[in-house]
Amino acid sequence: MTLSFDPDAISLPHYHFIGGETVAASEGIAMYRPSDGAAFGDCPVAGPDLVDQAVQTAKKALKTSNWSGLRPRDRTRAMHRWADLIEQDAEHLAKLEAVSSTRPVGHLVAGDIAVTAEQIRFFAEFADKEGSDLVPTSDTSLGMIMTEPYGVVGAITPWNFPLSMAGWKLGPALAAGNAVVLKPSEMTPFSSLRIAELSVEAGIPAGLINIVLGDGMVTGNAITGHPDISKVSFTGSTAAGSAIMQNVARTGIKPMTLELGGKSPQVVFADADINRTAKAVAQSIISNAGQACVAGSRLIVAREIAEELIAAITTIMRGVETGPTWDENTQYSPIISQKQIERIDTIVRASISAGAECLTGGQIMDREGYFYAPTLLGNVSQDSPALAEEIFGPVLTLQTFEDEDEALALADHPTYGLAAGVFTRDLSRAIRVTRALQAGTIWVNRYGRSRDHILPTGGYKSSGIGKDLGRDAYMANRKSKSVLIDL
Ligand code: NAD
């Protein structure tokens with residue numbers, strides 16, 4: 001079986017999905033394929049009235065299905081069937097996703113789709129295992145902490161891993177007994193529609209997952225400001241997270257989970273295994289062409305091994321093989337849009353003008369589509385434009401240090417604290433540095449997520465509030481009530 005396909009032969013959905021039904025949509029935002037820059041369709045935009053229809057449908061579906069009142073195991077079983085259908089639909093889903101996104105079709109089948117299905121199963125299992133607690137009080141009373149679902153959760157996802165981001169939001173919300181109104185990114189809306197359809201086929205009551213398409217300003221704002229949305233779960237940029245906080249503060253306070261941007265350091269000590277470290281460091285910025293929230297975009301390395309490590313990393317960077325996302329052999333992704341590739345290039349140029357040395361890459365690749373060469377910038381000062389902001393592209397900066405204190409000072413970013421990597425064979429140092437680093441996730445002698453969905457993910461500082469994945473994500477979809485009964 002080959003996964004490669006003709007992108008012009010794929011039939012793309014053009015509707016919203018509310019109450020288990022497709023809702024016809026008029027023309028919306030023009031869409032361009034990252035792999036070849038071709039205009040190929042448009043993403044409808046749901047206005048406030050349609051968002052309200054989705055929210056009211058979700059509320060009604062919660063009531064009529066009694067989803068949160070079912071035996072929890074029944075929720076688990078329905079979600080397991082849903083995960084099975086997602087896996088069975090892998091080829092179709094992968095094609096829908098690969099057309100508009102930066103995700104190569106081969107990676108989608110082996111990675112994103114398999115992981116999304118497994119995450120749904122993981123969260124489904126919490127339904128009958130996590131809940132309320134009896135707590136110690138005096139023997140004349142009985143104390144309890146009861147938990148219950150919020151009701152309708154408003155979820156908003158980015159374009160970089162559309163399927164797994166939808167899974168991060170839908171899995172825990174549904175398992176915890178909620179309904180969801182989800183808005184995927186206007187650049188990658190198709191796979192979310194498809195998995196919502198599959199949820200109904202799997203027996204999850206229609207109306208529990210509703211997908212409204214659109215942009216942030218119209219559709220996103222209507223979701224976060226809707227009075228009947230009881231909780232907001234957002235993954236995207238720090239700027240959009242901040243705008244959402246303002247909208248929520250203005251329209252009615254509600255709890256929020258915000259998974260935002262990063263500028264994550266990878267700190268390499270002189271005793272690290274050079275080849276293994278080079279692979280991990282390079283892969284973390286090559287993967288999805290650096291368009292990952294946890295991309296390890298700042299390399300901070302002990303001066304005495306810098307030259308050797310740089311040689312190994314640049315060799316890997318120069319060897320990447322590009323191709324369109326619809327070719328099953330493609331390993332290296334395009335950049336999502338013309339606008340974003342121009343932004344990456346502008347930051348790289350400004351950094352070089354400010355004194356950075358381009359050690360490899362540093363340019364748009366000479367081929368169709370939006371491809372940027374994996375880039376390593378040396379001699380980067382702390383005030384370089386390359387360090388100030390998340391670039392969200394395949395750009396790695398290099399800084400060197402003399403001792404551990406200097407390494408930690410360089411690693412600390414004024415704005416972001418999403419993830420960090422530490423490479424050393426010295427166990428004591430690994431633990432000391434892990435304790436000192438200000439980030440929500442630390443990887444030691446590796447960089448990147450495993451398939452251990454039990455580990456929560458979330459940011460320190462402006463990288464976010466709350467956690468996705470893990471037990472935390474399930475509990476974040478339930479509110480707690482303290483109960484004290486006099487006996
Ligand atoms: P983005 O913030 O531009 O958009 C994300 C989503 O929010 C989209 O669906 C968009 O339409 C919507 N949106 C934008 N403005 C909004 C507003 N004011 N109100 C409501 N919705 C709004 O981000 P992006 O370019 O799609 O994704 C890349 C960003 O996502 C990066 O910053 C990356 O670090 C971050 N990200 C974070 C994590 C994490 O776990 N921390 C994971 C993936 C991506």
# chains A, B, ... in the order shown; residues from 1 in each chain; ligands from 1
>>> residues_around(residues="Glu368 in chain A", least_positions_apart="2", cutoff="9 Å", atoms="only C-alpha atoms", output="list in words")
Ser35, Asp36, Gly37, Met365, Asp366, Tyr370 and Phe371 of chain A
>>> residues_around(residues="Tyr416 in chain A", least_positions_apart="4", cutoff="6 Å", atoms="only C-alpha atoms", output="list in words")
Gly262, Lys263, Lys461, Ser462 and Ser463 of chain A
>>> write_last_selection(atoms="C-alpha atoms", output="PDB file, in the first residue's frame")
ATOM      1  CA  GLY A 262       7.971  28.525  23.918  1.00  0.00           C
ATOM      2  CA  LYS A 263      11.631  29.342  23.396  1.00  0.00           C
ATOM      3  CA  LYS A 461       5.850  32.145  32.783  1.00  0.00           C
ATOM      4  CA  SER A 462       4.049  33.319  29.599  1.00  0.00           C
ATOM      5  CA  SER A 463       4.107  29.802  28.138  1.00  0.00           C
TER       6      SER A 463
END
>>> closest_residue(among="A:Glu328, A:Glu186, A:Glu307, A:Asp486", to="ligand 1", atoms="only C-alpha atoms and all ligand atoms")
A:Glu186
>>> residues_near_ligand(ligand="ligand 1", cutoff="8 Å", atoms="only C-alpha atoms and all ligand atoms", output="mmCIF file with N, CA and C atoms, in the first residue's frame")
data_model
loop_
_atom_site.group_PDB
_atom_site.id
_atom_site.type_symbol
_atom_site.label_atom_id
_atom_site.label_comp_id
_atom_site.auth_asym_id
_atom_site.auth_seq_id
_atom_site.Cartn_x
_atom_site.Cartn_y
_atom_site.Cartn_z
ATOM 1 N N ILE A 156 -10.062 25.617 21.472
ATOM 2 C CA ILE A 156 -9.493 26.282 20.287
ATOM 3 C C ILE A 156 -8.090 25.721 20.071
ATOM 4 N N THR A 157 -7.803 25.287 18.840
ATOM 5 C CA THR A 157 -6.532 24.593 18.582
ATOM 6 C C THR A 157 -5.725 25.271 17.464
ATOM 7 N N PRO A 158 -4.403 25.036 17.462
ATOM 8 C CA PRO A 158 -3.527 25.627 16.445
ATOM 9 C C PRO A 158 -3.370 24.701 15.235
ATOM 10 N N TRP A 159 -2.559 25.125 14.264
ATOM 11 C CA TRP A 159 -2.429 24.362 13.019
ATOM 12 C C TRP A 159 -1.254 23.381 13.050
ATOM 13 N N ASN A 160 -0.371 23.444 14.045
ATOM 14 C CA ASN A 160 0.904 22.718 13.873
ATOM 15 C C ASN A 160 0.781 21.201 14.036
ATOM 16 N N PHE A 161 -0.080 20.735 14.943
ATOM 17 C CA PHE A 161 -0.378 19.297 15.029
ATOM 18 C C PHE A 161 -1.896 19.198 15.202
ATOM 19 N N MET A 165 -3.675 17.931 18.729
ATOM 20 C CA MET A 165 -4.185 19.029 19.561
ATOM 21 C C MET A 165 -5.685 18.858 19.812
ATOM 22 N N LYS A 183 -13.053 24.855 17.909
ATOM 23 C CA LYS A 183 -12.670 25.575 16.686
ATOM 24 C C LYS A 183 -11.232 25.220 16.341
ATOM 25 N N PRO A 184 -11.035 24.469 15.238
ATOM 26 C CA PRO A 184 -9.655 24.219 14.813
ATOM 27 C C PRO A 184 -9.104 25.456 14.116
ATOM 28 N N SER A 185 -7.813 25.437 13.815
ATOM 29 C CA SER A 185 -7.216 26.554 13.090
ATOM 30 C C SER A 185 -7.849 26.696 11.712
ATOM 31 N N GLU A 186 -7.998 27.924 11.277
ATOM 32 C CA GLU A 186 -8.558 28.190 9.941
ATOM 33 C C GLU A 186 -7.635 27.685 8.832
ATOM 34 N N MET A 187 -6.395 27.312 9.195
ATOM 35 C CA MET A 187 -5.479 26.809 8.157
ATOM 36 C C MET A 187 -5.533 25.282 8.035
ATOM 37 N N GLY A 214 -13.532 28.704 11.568
ATOM 38 C CA GLY A 214 -13.417 30.154 11.471
ATOM 39 C C GLY A 214 -12.114 30.663 12.032
ATOM 40 N N ASP A 215 -11.990 31.984 12.060
ATOM 41 C CA ASP A 215 -10.747 32.593 12.539
ATOM 42 C C ASP A 215 -10.861 32.948 14.022
ATOM 43 N N GLY A 216 -9.803 33.568 14.545
ATOM 44 C CA GLY A 216 -9.804 33.910 15.966
ATOM 45 C C GLY A 216 -10.685 35.098 16.282
ATOM 46 N N MET A 217 -10.630 36.108 15.415
ATOM 47 C CA MET A 217 -11.309 37.368 15.722
ATOM 48 C C MET A 217 -12.828 37.200 15.773
ATOM 49 N N VAL A 218 -13.375 36.408 14.854
ATOM 50 C CA VAL A 218 -14.841 36.263 14.808
ATOM 51 C C VAL A 218 -15.272 35.024 15.611
ATOM 52 N N THR A 219 -14.852 33.858 15.136
ATOM 53 C CA THR A 219 -15.359 32.618 15.735
ATOM 54 C C THR A 219 -14.732 32.379 17.114
ATOM 55 N N GLY A 220 -13.407 32.591 17.198
ATOM 56 C CA GLY A 220 -12.714 32.362 18.471
ATOM 57 C C GLY A 220 -13.272 33.262 19.563
ATOM 58 N N ASN A 221 -13.431 34.549 19.233
ATOM 59 C CA ASN A 221 -13.970 35.495 20.217
ATOM 60 C C ASN A 221 -15.375 35.118 20.652
ATOM 61 N N ALA A 222 -16.181 34.649 19.681
ATOM 62 C CA ALA A 222 -17.562 34.282 20.025
ATOM 63 C C ALA A 222 -17.572 33.093 20.989
ATOM 64 N N ILE A 223 -16.597 32.188 20.851
ATOM 65 C CA ILE A 223 -16.536 31.034 21.763
ATOM 66 C C ILE A 223 -16.092 31.487 23.153
ATOM 67 N N THR A 224 -14.960 32.189 23.213
ATOM 68 C CA THR A 224 -14.410 32.506 24.547
ATOM 69 C C THR A 224 -15.304 33.475 25.316
ATOM 70 N N PHE A 234 -7.410 26.330 25.481
ATOM 71 C CA PHE A 234 -6.793 26.936 24.301
ATOM 72 C C PHE A 234 -5.361 26.459 24.131
ATOM 73 N N THR A 235 -4.963 26.173 22.900
ATOM 74 C CA THR A 235 -3.553 25.978 22.570
ATOM 75 C C THR A 235 -3.233 26.865 21.380
ATOM 76 N N GLY A 236 -2.190 27.672 21.524
ATOM 77 C CA GLY A 236 -1.800 28.574 20.445
ATOM 78 C C GLY A 236 -0.736 29.541 20.937
ATOM 79 N N SER A 237 -0.649 30.670 20.289
ATOM 80 C CA SER A 237 0.431 31.618 20.600
ATOM 81 C C SER A 237 0.166 32.363 21.912
ATOM 82 N N THR A 238 1.229 32.879 22.478
ATOM 83 C CA THR A 238 1.105 33.659 23.708
ATOM 84 C C THR A 238 0.282 34.922 23.450
ATOM 85 N N ALA A 239 0.439 35.520 22.259
ATOM 86 C CA ALA A 239 -0.330 36.732 21.944
ATOM 87 C C ALA A 239 -1.829 36.428 21.928
ATOM 88 N N ALA A 240 -2.213 35.321 21.302
ATOM 89 C CA ALA A 240 -3.648 34.981 21.254
ATOM 90 C C ALA A 240 -4.144 34.597 22.650
ATOM 91 N N GLY A 241 -3.302 33.913 23.432
ATOM 92 C CA GLY A 241 -3.679 33.564 24.814
ATOM 93 C C GLY A 241 -3.971 34.807 25.622
ATOM 94 N N SER A 242 -3.161 35.830 25.416
ATOM 95 C CA SER A 242 -3.356 37.072 26.139
ATOM 96 C C SER A 242 -4.669 37.745 25.698
ATOM 97 N N ALA A 243 -4.939 37.714 24.377
ATOM 98 C CA ALA A 243 -6.190 38.312 23.874
ATOM 99 C C ALA A 243 -7.397 37.558 24.441
ATOM 100 N N ILE A 244 -7.267 36.247 24.578
ATOM 101 C CA ILE A 244 -8.375 35.448 25.118
ATOM 102 C C ILE A 244 -8.612 35.805 26.595
ATOM 103 N N ASN A 247 -10.540 38.927 26.668
ATOM 104 C CA ASN A 247 -11.946 38.749 26.269
ATOM 105 C C ASN A 247 -12.747 38.083 27.387
ATOM 106 N N LEU A 258 -4.430 27.382 29.224
ATOM 107 C CA LEU A 258 -3.753 28.061 28.114
ATOM 108 C C LEU A 258 -2.407 27.395 27.870
ATOM 109 N N GLU A 259 -2.272 26.753 26.716
ATOM 110 C CA GLU A 259 -0.989 26.145 26.314
ATOM 111 C C GLU A 259 -0.394 27.039 25.249
ATOM 112 N N LEU A 260 0.683 27.742 25.586
ATOM 113 C CA LEU A 260 1.132 28.829 24.706
ATOM 114 C C LEU A 260 2.530 28.570 24.136
ATOM 115 N N GLY A 261 3.170 29.632 23.716
ATOM 116 C CA GLY A 261 4.432 29.499 22.977
ATOM 117 C C GLY A 261 5.628 29.163 23.849
ATOM 118 N N GLY A 262 6.750 28.892 23.182
ATOM 119 C CA GLY A 262 7.971 28.525 23.918
ATOM 120 C C GLY A 262 9.217 29.029 23.215
ATOM 121 N N GLN A 291 8.244 23.866 13.853
ATOM 122 C CA GLN A 291 6.912 24.404 14.165
ATOM 123 C C GLN A 291 6.262 23.542 15.249
ATOM 124 N N ALA A 292 6.915 23.515 16.383
ATOM 125 C CA ALA A 292 6.417 22.785 17.547
ATOM 126 C C ALA A 292 6.588 23.710 18.744
ATOM 127 N N CYS A 293 5.589 23.708 19.621
ATOM 128 C CA CYS A 293 5.675 24.600 20.781
ATOM 129 C C CYS A 293 6.930 24.305 21.588
ATOM 130 N N VAL A 294 7.288 23.023 21.697
ATOM 131 C CA VAL A 294 8.429 22.639 22.532
ATOM 132 C C VAL A 294 9.742 22.567 21.739
ATOM 133 N N GLU A 390 9.618 33.640 20.092
ATOM 134 C CA GLU A 390 9.458 32.343 19.441
ATOM 135 C C GLU A 390 9.458 32.578 17.925
ATOM 136 N N PHE A 392 9.198 29.926 15.624
ATOM 137 C CA PHE A 392 8.310 28.899 15.074
ATOM 138 C C PHE A 392 8.745 28.497 13.671
ATOM 139 N N LEU A 418 8.470 26.872 28.615
ATOM 140 C CA LEU A 418 7.645 25.710 28.256
ATOM 141 C C LEU A 418 8.378 24.394 28.504
ATOM 142 N N THR A 457 1.726 18.291 30.257
ATOM 143 C CA THR A 457 2.531 19.291 29.567
ATOM 144 C C THR A 457 1.906 20.657 29.791
ATOM 145 N N GLY A 458 2.745 21.658 29.990
ATOM 146 C CA GLY A 458 2.234 23.006 30.219
ATOM 147 C C GLY A 458 3.379 23.927 30.554
ATOM 148 N N GLY A 459 3.116 25.224 30.513
ATOM 149 C CA GLY A 459 4.221 26.172 30.609
ATOM 150 C C GLY A 459 4.341 26.909 31.921
ATOM 151 N N SER A 463 4.366 30.982 28.974
ATOM 152 C CA SER A 463 4.107 29.802 28.138
ATOM 153 C C SER A 463 2.795 29.117 28.503
ATOM 154 N N GLY A 464 2.115 29.617 29.519
ATOM 155 C CA GLY A 464 0.784 29.064 29.733
ATOM 156 C C GLY A 464 0.324 28.950 31.161
ATOM 157 N N ASP A 468 -2.092 20.240 29.783
ATOM 158 C CA ASP A 468 -2.737 19.258 28.933
ATOM 159 C C ASP A 468 -2.059 17.926 29.222
#
>>> residues_around(residues="range 124-136 of chain A", least_positions_apart="5", cutoff="8 Å", atoms="only C-alpha atoms", output="list of chain:residue names")
A:Pro72, A:Arg73, A:Arg75, A:Thr76, A:Arg77, A:Met79, A:His80, A:Leu142, A:Gly143, A:Met144, A:Ile145, A:Met146, A:Thr147, A:Gly171, A:Pro172, A:Ala175, A:Ala176, A:Arg471, A:Tyr474
>>> residues_around(residues="range 109-117 of chain A", least_positions_apart="3", cutoff="7 Å", atoms="only C-alpha atoms", output="PyMOL selection string")
chain A and resi 83+86-87+90-91+94+105-106+120-121+163-164+167
>>> closest_residue(among="A:Gln53, A:Asn178, A:Thr315, A:Thr330", to="His226 in chain A", atoms="only C-alpha atoms")
A:Gln53
>>> closest_residue(among="A:Ile229, A:Leu359, A:Ala354, A:Ala202", to="Trp82 in chain A", atoms="only C-alpha atoms")
A:Ala202
>>> select_by_dssp(residues="range 192-402 of chain A", states="strand (DSSP E or B)", output="PyMOL selection string")
chain A and resi 209-211+231-235+256-259+265-268+298-302+322+332+357-360+364+372+375-378+395-401
>>> residues_around(residues="Asn379 in chain A", least_positions_apart="2", cutoff="9 Å", atoms="only C-alpha atoms", output="list in words")
Gly355, Ala356, Glu357, Cys358, Leu377, Ser381, Thr397, Leu398, Gln399 and Thr400 of chain A
>>> write_last_selection(atoms="all heavy atoms", output="compact mmCIF listing (two decimals), in the first residue's frame")
# COMPACT_ATOMS: atom_id res chain seq x y z
N GLY A 355 24.79 40.81 14.24
CA GLY A 355 26.07 40.20 14.63
C GLY A 355 26.09 38.68 14.66
O GLY A 355 27.14 38.08 14.88
N ALA A 356 24.94 38.03 14.44
CA ALA A 356 24.94 36.56 14.46
C ALA A 356 25.66 36.03 13.22
O ALA A 356 25.68 36.67 12.17
CB ALA A 356 23.51 36.04 14.50
N GLU A 357 26.24 34.82 13.39
CA GLU A 357 26.95 34.20 12.27
C GLU A 357 26.11 33.02 11.79
O GLU A 357 25.73 32.15 12.60
CB GLU A 357 28.31 33.70 12.78
CG GLU A 357 29.17 33.09 11.72
CD GLU A 357 30.43 32.42 12.32
OE1 GLU A 357 30.61 32.49 13.57
OE2 GLU A 357 31.18 31.82 11.56
N CYS A 358 25.82 33.00 10.48
CA CYS A 358 25.00 31.90 9.96
C CYS A 358 25.90 30.69 9.70
O CYS A 358 26.73 30.71 8.78
CB CYS A 358 24.29 32.35 8.69
SG CYS A 358 23.21 31.08 8.07
N LEU A 377 22.40 29.54 13.96
CA LEU A 377 22.98 30.87 14.11
C LEU A 377 23.93 30.89 15.30
O LEU A 377 23.50 30.66 16.44
CB LEU A 377 21.88 31.92 14.34
CG LEU A 377 20.88 32.16 13.21
CD1 LEU A 377 19.85 33.20 13.63
CD2 LEU A 377 21.59 32.61 11.92
N SER A 381 24.05 37.16 20.59
CA SER A 381 24.09 37.86 21.88
C SER A 381 22.71 37.80 22.53
O SER A 381 21.70 37.54 21.85
CB SER A 381 24.51 39.31 21.67
OG SER A 381 23.58 39.92 20.82
N THR A 397 19.56 28.68 17.71
CA THR A 397 20.63 29.63 18.07
C THR A 397 21.66 28.91 18.93
O THR A 397 21.34 27.94 19.62
CB THR A 397 20.07 30.83 18.86
OG1 THR A 397 19.43 30.32 20.05
CG2 THR A 397 19.09 31.63 18.03
N LEU A 398 22.89 29.42 18.88
CA LEU A 398 23.99 28.79 19.62
C LEU A 398 24.61 29.80 20.58
O LEU A 398 24.97 30.91 20.19
CB LEU A 398 25.05 28.33 18.62
CG LEU A 398 26.38 27.91 19.22
CD1 LEU A 398 26.26 26.54 19.87
CD2 LEU A 398 27.46 27.87 18.14
N GLN A 399 24.71 29.39 21.84
CA GLN A 399 25.44 30.19 22.84
C GLN A 399 26.34 29.23 23.61
O GLN A 399 25.99 28.05 23.78
CB GLN A 399 24.47 30.87 23.80
CG GLN A 399 23.59 31.93 23.13
CD GLN A 399 22.48 32.40 24.04
OE1 GLN A 399 21.51 31.68 24.28
NE2 GLN A 399 22.62 33.60 24.58
N THR A 400 27.49 29.71 24.07
CA THR A 400 28.40 28.82 24.80
C THR A 400 28.58 29.33 26.24
O THR A 400 28.34 30.49 26.53
CB THR A 400 29.79 28.76 24.12
OG1 THR A 400 30.31 30.08 24.03
CG2 THR A 400 29.70 28.15 22.74
>>> select_by_dssp(residues="range 235-308 of chain A", states="alpha helix (DSSP H)", output="JSON, numbers by chain")
{"A": [238, 239, 240, 241, 242, 243, 244, 245, 246, 247, 248, 249, 250, 251, 274, 275, 276, 277, 278, 279, 280, 281, 282, 283, 284, 285, 286, 303, 304, 305, 306, 307, 308]}
>>> write_last_selection(atoms="C-alpha atoms", output="PDB file, in the first residue's frame")
ATOM      1  CA  THR A 238       1.105  33.659  23.708  1.00  0.00           C
ATOM      2  CA  ALA A 239      -0.330  36.732  21.944  1.00  0.00           C
ATOM      3  CA  ALA A 240      -3.648  34.981  21.254  1.00  0.00           C
ATOM      4  CA  GLY A 241      -3.679  33.564  24.814  1.00  0.00           C
ATOM      5  CA  SER A 242      -3.356  37.072  26.139  1.00  0.00           C
ATOM      6  CA  ALA A 243      -6.190  38.312  23.874  1.00  0.00           C
ATOM      7  CA  ILE A 244      -8.375  35.448  25.118  1.00  0.00           C
ATOM      8  CA  MET A 245      -7.684  36.349  28.751  1.00  0.00           C
ATOM      9  CA  GLN A 246      -8.771  39.902  28.014  1.00  0.00           C
ATOM     10  CA  ASN A 247     -11.946  38.749  26.269  1.00  0.00           C
ATOM     11  CA  VAL A 248     -12.808  36.413  29.129  1.00  0.00           C
ATOM     12  CA  ALA A 249     -12.152  39.156  31.690  1.00  0.00           C
ATOM     13  CA  ARG A 250     -14.442  41.479  29.715  1.00  0.00           C
ATOM     14  CA  THR A 251     -17.295  39.074  28.998  1.00  0.00           C
ATOM     15  CA  ILE A 274      28.149  13.987  21.476  1.00  0.00           C
ATOM     16  CA  ASN A 275      26.552  11.858  18.741  1.00  0.00           C
ATOM     17  CA  ARG A 276      23.427  11.087  20.694  1.00  0.00           C
ATOM     18  CA  THR A 277      23.087  14.716  21.774  1.00  0.00           C
ATOM     19  CA  ALA A 278      23.631  16.031  18.235  1.00  0.00           C
ATOM     20  CA  LYS A 279      20.816  13.804  16.951  1.00  0.00           C
ATOM     21  CA  ALA A 280      18.416  14.877  19.698  1.00  0.00           C
ATOM     22  CA  VAL A 281      19.234  18.580  19.367  1.00  0.00           C
ATOM     23  CA  ALA A 282      19.014  18.610  15.562  1.00  0.00           C
ATOM     24  CA  GLN A 283      15.835  16.535  15.478  1.00  0.00           C
ATOM     25  CA  SER A 284      14.089  18.846  17.915  1.00  0.00           C
ATOM     26  CA  ILE A 285      14.410  21.782  15.522  1.00  0.00           C
ATOM     27  CA  ILE A 286      14.091  19.839  12.256  1.00  0.00           C
ATOM     28  CA  ARG A 303      32.653  25.904  25.199  1.00  0.00           C
ATOM     29  CA  GLU A 304      35.129  22.995  25.015  1.00  0.00           C
ATOM     30  CA  ILE A 305      32.796  20.722  23.022  1.00  0.00           C
ATOM     31  CA  ALA A 306      31.000  23.389  20.976  1.00  0.00           C
ATOM     32  CA  GLU A 307      32.993  22.879  17.790  1.00  0.00           C
ATOM     33  CA  GLU A 308      32.563  19.117  17.734  1.00  0.00           C
TER      34      GLU A 308
END
>>> atom_distance(atom1="CA of Thr325 in chain A", atom2="CA of Ala30 in chain A")
19.4 Å
>>> atom_distance(atom1="CA of Ile391 in chain A", atom2="CA of Gly448 in chain A")
18.0 Å
